[in-house]
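Okay, so here's the structure we're looking at.
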Amino acid sequence: MVENETDESAAESGEVQYDPESSRYNLYECPDCDNIVLALGRDEPPMSCHDTPMERVTDVEMSVKPPDVKQVLLQAFGLPKAGLDICLCVIGEGPLSANEVAESLGYDRSTITRYLNTLVELGLLRRSELNREAGGVVNVYHSVDLERMRRETLIGFYVWAGEAAALIEDANLTKQDYLEENPDQALPDVFWESFPDD
């Protein structure tokens, strides 16, 4: 009964909880150590640890807010709404020059150029030179192969998620060390100042 109440309150608050029966991803952990892995789109454990198959995690009690694609792109890739708009514009209408993207979206030309360069660096778009009929060349931007984009964005996100997980682990270990050394004191606010927001 308690589990149902927890699930209902999470649903009412717009939170989600990991459900190994219906999720498109799986979490696995080593039965002998604290190693945890995320596997997307696989039915079997993706690896062994200590020569032992990893076990699927089934007892997650914590609920989290569901991710929003715009927020994920902002946090993982530093890509706010303007960057997403530019990326989708080129994917849908490209190849386009920076001027053509600016005309289509109404953004400032410098904003367009900055995000186009960022999108190329991220591997979400590619750049090439096009010879003009009147002479000279202009940079135009194209979408990359969709399979390549899928791979690059997933790997990029996993790198970001790994860094985030390492930061959380550092925070937990530091907190644990502090509380063991100071069992009669509450965790001071200064503790969190050692983990910068940016």
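Each chain in the structure tokens gets a letter, A, B and so on, in the order shown; residues start at 1 in every chain, and ligands are counted from 1 in the order they appear.
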Next on the checklist: At a cut-off of 8 Å, using only C-alpha atoms, what residues contact Cys87 (chain A)? Leave out same-chain residues fewer than 4 positions from it and give the result as a PyMOL selection string.
Outcome noted: chain A and resi 83+91+116+119+124-125
Contacts of Ala161 (chain A) at 12 Å or less, counting only C-alpha atoms, minus same-chain residues fewer than 6 places along, as a PDB file with N, CA, C and O atoms, in the first residue's frame?
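The resulting around14.pdb:
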```
ATOM      1  N   VAL A  37      25.688   0.889 -14.213  1.00  0.00           N
ATOM      2  CA  VAL A  37      25.739   1.296 -15.622  1.00  0.00           C
ATOM      3  C   VAL A  37      24.328   1.534 -16.151  1.00  0.00           C
ATOM      4  O   VAL A  37      23.351   0.972 -15.658  1.00  0.00           O
ATOM      5  N   LEU A  38      24.250   2.378 -17.167  1.00  0.00           N
ATOM      6  CA  LEU A  38      23.007   2.671 -17.872  1.00  0.00           C
ATOM      7  C   LEU A  38      23.092   2.021 -19.238  1.00  0.00           C
ATOM      8  O   LEU A  38      24.091   2.176 -19.944  1.00  0.00           O
ATOM      9  N   VAL A  72      17.371  19.331 -21.594  1.00  0.00           N
ATOM     10  CA  VAL A  72      18.491  18.404 -21.757  1.00  0.00           C
ATOM     11  C   VAL A  72      19.521  18.988 -22.718  1.00  0.00           C
ATOM     12  O   VAL A  72      20.727  18.966 -22.457  1.00  0.00           O
ATOM     13  N   GLN A  75      21.342  21.840 -20.928  1.00  0.00           N
ATOM     14  CA  GLN A  75      22.273  21.415 -19.892  1.00  0.00           C
ATOM     15  C   GLN A  75      23.439  20.610 -20.447  1.00  0.00           C
ATOM     16  O   GLN A  75      24.583  20.820 -20.073  1.00  0.00           O
ATOM     17  N   ALA A  76      23.151  19.661 -21.332  1.00  0.00           N
ATOM     18  CA  ALA A  76      24.208  18.768 -21.811  1.00  0.00           C
ATOM     19  C   ALA A  76      25.086  19.419 -22.876  1.00  0.00           C
ATOM     20  O   ALA A  76      26.288  19.197 -22.901  1.00  0.00           O
ATOM     21  N   PHE A  77      24.491  20.224 -23.746  1.00  0.00           N
ATOM     22  CA  PHE A  77      25.239  20.756 -24.877  1.00  0.00           C
ATOM     23  C   PHE A  77      25.347  22.280 -24.888  1.00  0.00           C
ATOM     24  O   PHE A  77      25.925  22.845 -25.812  1.00  0.00           O
ATOM     25  N   THR A 153      24.964  12.532 -30.430  1.00  0.00           N
ATOM     26  CA  THR A 153      24.208  13.139 -29.335  1.00  0.00           C
ATOM     27  C   THR A 153      24.120  12.203 -28.135  1.00  0.00           C
ATOM     28  O   THR A 153      24.200  12.644 -26.985  1.00  0.00           O
ATOM     29  N   LEU A 154      23.946  10.896 -28.373  1.00  0.00           N
ATOM     30  CA  LEU A 154      23.905   9.949 -27.260  1.00  0.00           C
ATOM     31  C   LEU A 154      25.244   9.898 -26.529  1.00  0.00           C
ATOM     32  O   LEU A 154      25.290   9.944 -25.295  1.00  0.00           O
ATOM     33  N   ILE A 155      26.330   9.819 -27.295  1.00  0.00           N
ATOM     34  CA  ILE A 155      27.643   9.769 -26.657  1.00  0.00           C
ATOM     35  C   ILE A 155      27.915  11.068 -25.900  1.00  0.00           C
ATOM     36  O   ILE A 155      28.401  11.062 -24.764  1.00  0.00           O
ATOM     37  N   LEU A 167      30.203  14.033 -10.193  1.00  0.00           N
ATOM     38  CA  LEU A 167      30.040  15.172  -9.289  1.00  0.00           C
ATOM     39  C   LEU A 167      29.135  14.804  -8.116  1.00  0.00           C
ATOM     40  O   LEU A 167      29.421  15.143  -6.958  1.00  0.00           O
ATOM     41  N   ILE A 168      28.046  14.093  -8.396  1.00  0.00           N
ATOM     42  CA  ILE A 168      27.148  13.652  -7.323  1.00  0.00           C
ATOM     43  C   ILE A 168      27.865  12.694  -6.391  1.00  0.00           C
ATOM     44  O   ILE A 168      27.733  12.767  -5.166  1.00  0.00           O
TER      45      ILE A 168
END
```
Item to check | Atomic separation - CA of Asn117 (chain A) relative to CA of Val144 (chain A), Å | outcome: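 For CA of Val144 (chain A) relative to CA of Asn117 (chain A), the distance reads 14.0 Å.
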Next on the checklist: List the spatial neighbours of Ile36 (chain A) as a ChimeraX atom specification - criterion: any atom at most 12 Å away, only C-alpha atoms, same-chain residues fewer than 3 positions off excluded.
Outcome noted: /A:26-33,39,45-49,54-57,162,165-166,169
Deliver the residues from the most recent selection as a file, using all heavy atoms, as a short mmCIF file (atom, residue, chain, number, x, y, z; two decimals), in the first residue's frame.
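Result saved to out.cif:
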```cif
data_model
loop_
_atom_site.label_atom_id
_atom_site.label_comp_id
_atom_site.auth_asym_id
_atom_site.auth_seq_id
_atom_site.Cartn_x
_atom_site.Cartn_y
_atom_site.Cartn_z
N ASN A 26 17.74 0.60 -19.19
CA ASN A 26 17.89 -0.26 -18.02
C ASN A 26 19.09 0.18 -17.19
O ASN A 26 20.07 0.70 -17.73
CB ASN A 26 18.11 -1.72 -18.45
CG ASN A 26 16.85 -2.33 -19.03
OD1 ASN A 26 15.82 -2.40 -18.37
ND2 ASN A 26 16.92 -2.77 -20.27
N LEU A 27 18.98 -0.02 -15.90
CA LEU A 27 20.07 0.24 -14.97
C LEU A 27 20.56 -1.10 -14.44
O LEU A 27 19.75 -1.96 -14.08
CB LEU A 27 19.60 1.11 -13.81
CG LEU A 27 19.04 2.49 -14.17
CD1 LEU A 27 18.49 3.17 -12.93
CD2 LEU A 27 20.11 3.34 -14.82
N TYR A 28 21.88 -1.26 -14.44
CA TYR A 28 22.47 -2.49 -13.92
C TYR A 28 23.51 -2.13 -12.87
O TYR A 28 24.14 -1.09 -12.94
CB TYR A 28 23.14 -3.29 -15.04
CG TYR A 28 22.17 -3.83 -16.06
CD1 TYR A 28 21.91 -3.12 -17.23
CD2 TYR A 28 21.51 -5.04 -15.86
CE1 TYR A 28 21.01 -3.61 -18.16
CE2 TYR A 28 20.61 -5.53 -16.79
CZ TYR A 28 20.36 -4.81 -17.95
OH TYR A 28 19.48 -5.29 -18.87
N GLU A 29 23.68 -3.03 -11.89
CA GLU A 29 24.69 -2.81 -10.87
C GLU A 29 25.45 -4.11 -10.62
O GLU A 29 24.93 -5.21 -10.85
CB GLU A 29 24.08 -2.29 -9.57
CG GLU A 29 23.11 -3.25 -8.90
CD GLU A 29 22.45 -2.64 -7.68
OE1 GLU A 29 22.96 -1.64 -7.15
OE2 GLU A 29 21.42 -3.18 -7.25
N CYS A 30 26.66 -3.95 -10.16
CA CYS A 30 27.49 -5.10 -9.81
C CYS A 30 27.07 -5.59 -8.42
O CYS A 30 26.92 -4.78 -7.50
CB CYS A 30 28.96 -4.71 -9.82
SG CYS A 30 30.05 -6.04 -9.24
N PRO A 31 26.87 -6.90 -8.24
CA PRO A 31 26.49 -7.40 -6.91
C PRO A 31 27.64 -7.36 -5.90
O PRO A 31 27.41 -7.52 -4.71
CB PRO A 31 26.07 -8.86 -7.19
CG PRO A 31 26.75 -9.23 -8.46
CD PRO A 31 26.90 -7.96 -9.26
N ASP A 32 28.88 -7.12 -6.39
CA ASP A 32 30.04 -7.15 -5.49
C ASP A 32 30.64 -5.78 -5.19
O ASP A 32 31.45 -5.65 -4.28
CB ASP A 32 31.13 -8.04 -6.09
CG ASP A 32 30.66 -9.48 -6.27
OD1 ASP A 32 29.93 -9.97 -5.38
OD2 ASP A 32 31.00 -10.08 -7.30
N CYS A 33 30.30 -4.78 -5.98
CA CYS A 33 30.86 -3.44 -5.72
C CYS A 33 29.79 -2.40 -6.05
O CYS A 33 28.64 -2.73 -6.30
CB CYS A 33 32.13 -3.21 -6.55
SG CYS A 33 31.86 -3.05 -8.32
N ALA A 39 22.07 1.28 -19.62
CA ALA A 39 22.03 0.65 -20.94
C ALA A 39 20.74 1.09 -21.63
O ALA A 39 19.66 0.98 -21.06
CB ALA A 39 22.08 -0.86 -20.82
N PRO A 45 22.17 -7.78 -19.64
CA PRO A 45 23.22 -6.95 -19.04
C PRO A 45 24.32 -6.67 -20.06
O PRO A 45 24.76 -7.58 -20.76
CB PRO A 45 23.73 -7.83 -17.89
CG PRO A 45 22.58 -8.73 -17.56
CD PRO A 45 21.88 -8.97 -18.85
N PRO A 46 24.74 -5.41 -20.19
CA PRO A 46 25.70 -5.06 -21.24
C PRO A 46 27.12 -5.50 -20.95
O PRO A 46 27.96 -5.49 -21.84
CB PRO A 46 25.61 -3.53 -21.27
CG PRO A 46 25.20 -3.16 -19.88
CD PRO A 46 24.31 -4.27 -19.41
N MET A 47 27.40 -5.89 -19.73
CA MET A 47 28.76 -6.27 -19.38
C MET A 47 28.77 -7.01 -18.06
O MET A 47 27.76 -7.11 -17.37
CB MET A 47 29.65 -5.03 -19.28
CG MET A 47 29.25 -4.10 -18.15
SD MET A 47 30.25 -2.61 -18.06
CE MET A 47 29.64 -1.74 -19.50
N SER A 48 29.94 -7.55 -17.77
CA SER A 48 30.15 -8.20 -16.48
C SER A 48 31.07 -7.33 -15.66
O SER A 48 31.80 -6.49 -16.18
CB SER A 48 30.77 -9.59 -16.67
OG SER A 48 29.89 -10.42 -17.39
N CYS A 49 31.04 -7.56 -14.37
CA CYS A 49 31.94 -6.86 -13.46
C CYS A 49 32.49 -7.93 -12.52
O CYS A 49 31.72 -8.73 -11.98
CB CYS A 49 31.18 -5.79 -12.70
SG CYS A 49 32.22 -4.67 -11.75
N MET A 54 26.21 -8.38 -14.43
CA MET A 54 25.60 -7.34 -13.62
C MET A 54 24.10 -7.61 -13.49
O MET A 54 23.49 -8.22 -14.37
CB MET A 54 25.88 -5.97 -14.24
CG MET A 54 27.37 -5.67 -14.34
SD MET A 54 27.73 -4.03 -14.96
CE MET A 54 27.56 -3.08 -13.46
N GLU A 55 23.51 -7.15 -12.39
CA GLU A 55 22.10 -7.40 -12.12
C GLU A 55 21.28 -6.15 -12.38
O GLU A 55 21.72 -5.03 -12.08
CB GLU A 55 21.92 -7.85 -10.67
CG GLU A 55 22.64 -9.15 -10.35
CD GLU A 55 22.57 -9.51 -8.88
OE1 GLU A 55 22.04 -8.69 -8.08
OE2 GLU A 55 23.04 -10.61 -8.52
N ARG A 56 20.08 -6.34 -12.90
CA ARG A 56 19.19 -5.21 -13.17
C ARG A 56 18.73 -4.58 -11.86
O ARG A 56 18.35 -5.29 -10.92
CB ARG A 56 17.98 -5.66 -13.97
CG ARG A 56 17.05 -4.51 -14.34
CD ARG A 56 15.88 -4.99 -15.14
NE ARG A 56 16.28 -5.29 -16.50
CZ ARG A 56 15.45 -5.70 -17.45
NH1 ARG A 56 14.17 -5.87 -17.17
NH2 ARG A 56 15.88 -5.94 -18.66
N VAL A 57 18.77 -3.27 -11.79
CA VAL A 57 18.30 -2.55 -10.60
C VAL A 57 16.78 -2.54 -10.62
O VAL A 57 16.17 -2.19 -11.64
CB VAL A 57 18.85 -1.10 -10.59
CG1 VAL A 57 18.25 -0.31 -9.44
CG2 VAL A 57 20.37 -1.11 -10.52
N GLY A 162 27.93 11.20 -17.28
CA GLY A 162 29.02 10.64 -16.49
C GLY A 162 29.68 11.68 -15.61
O GLY A 162 29.99 11.42 -14.44
N ALA A 165 27.27 12.40 -12.82
CA ALA A 165 27.27 11.31 -11.84
C ALA A 165 28.51 11.37 -10.96
O ALA A 165 28.45 11.14 -9.75
CB ALA A 165 27.17 9.96 -12.55
N ALA A 166 29.67 11.67 -11.57
CA ALA A 166 30.91 11.78 -10.80
C ALA A 166 30.82 12.93 -9.80
O ALA A 166 31.30 12.81 -8.66
CB ALA A 166 32.10 11.97 -11.73
N GLU A 169 28.67 11.79 -6.97
CA GLU A 169 29.41 10.84 -6.13
C GLU A 169 30.41 11.57 -5.24
O GLU A 169 30.54 11.27 -4.05
CB GLU A 169 30.13 9.82 -7.02
CG GLU A 169 30.90 8.76 -6.27
CD GLU A 169 30.03 7.78 -5.49
OE1 GLU A 169 28.78 7.93 -5.47
OE2 GLU A 169 30.59 6.87 -4.87
#
```
Item to check | Long-range neighbours of Gly78 (chain A) as a PyMOL selection string, 12 Å cut-off, only C-alpha atoms, 3 positions minimum in chain | outcome: chain A and resi 70-75+81-84+115+118-119+121-122+156-157+160+198
Next on the checklist: Please list as a ChimeraX atom specification every residue within 12 Å of region 92-98 of chain A, counting only C-alpha atoms and excluding residues in the same chain fewer than 6 positions away.
Outcome noted: /A:85-86,104-117,125-132,137-144
Counting only C-alpha atoms, what are the residues of region 32-140 of chain A within 10 Å of region 19-23 of chain A, and for each of them which pair of atoms is the nearest and at what distance in Å, to one decimal? Sort the table by chain and rising number, as a tab-separated table.
```
residue	atom	partner	partner_atom	distance
A:Leu40	CA	A:Ser23	CA	9.3
A:Gly41	CA	A:Ser23	CA	9.2
A:Arg56	CA	A:Pro20	CA	7.9
A:Val57	CA	A:Pro20	CA	7.5
A:Thr58	CA	A:Pro20	CA	6.3
A:Asp59	CA	A:Asp19	CA	9.1
A:Val60	CA	A:Asp19	CA	8.2
```
Item to check | Test item, alpha helix (DSSP H) assignment across chain A, answer as a ChimeraX atom specification | outcome: /A:2-12,69-77,81-93,98-105,109-122,146-181,190-193
Checklist entry - What separation in Å, quoted to one decimal, exists between CA of Val64 (chain A) and CA of Asp170 (chain A)? => result 20.0 Å
Item to check | CA of Glu15 (chain A) to CA of Pro67 (chain A), distance in Å rounded to a single decimal | outcome: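 Atom-to-atom, CA of Glu15 (chain A) to CA of Pro67 (chain A), that is 9.6 Å.
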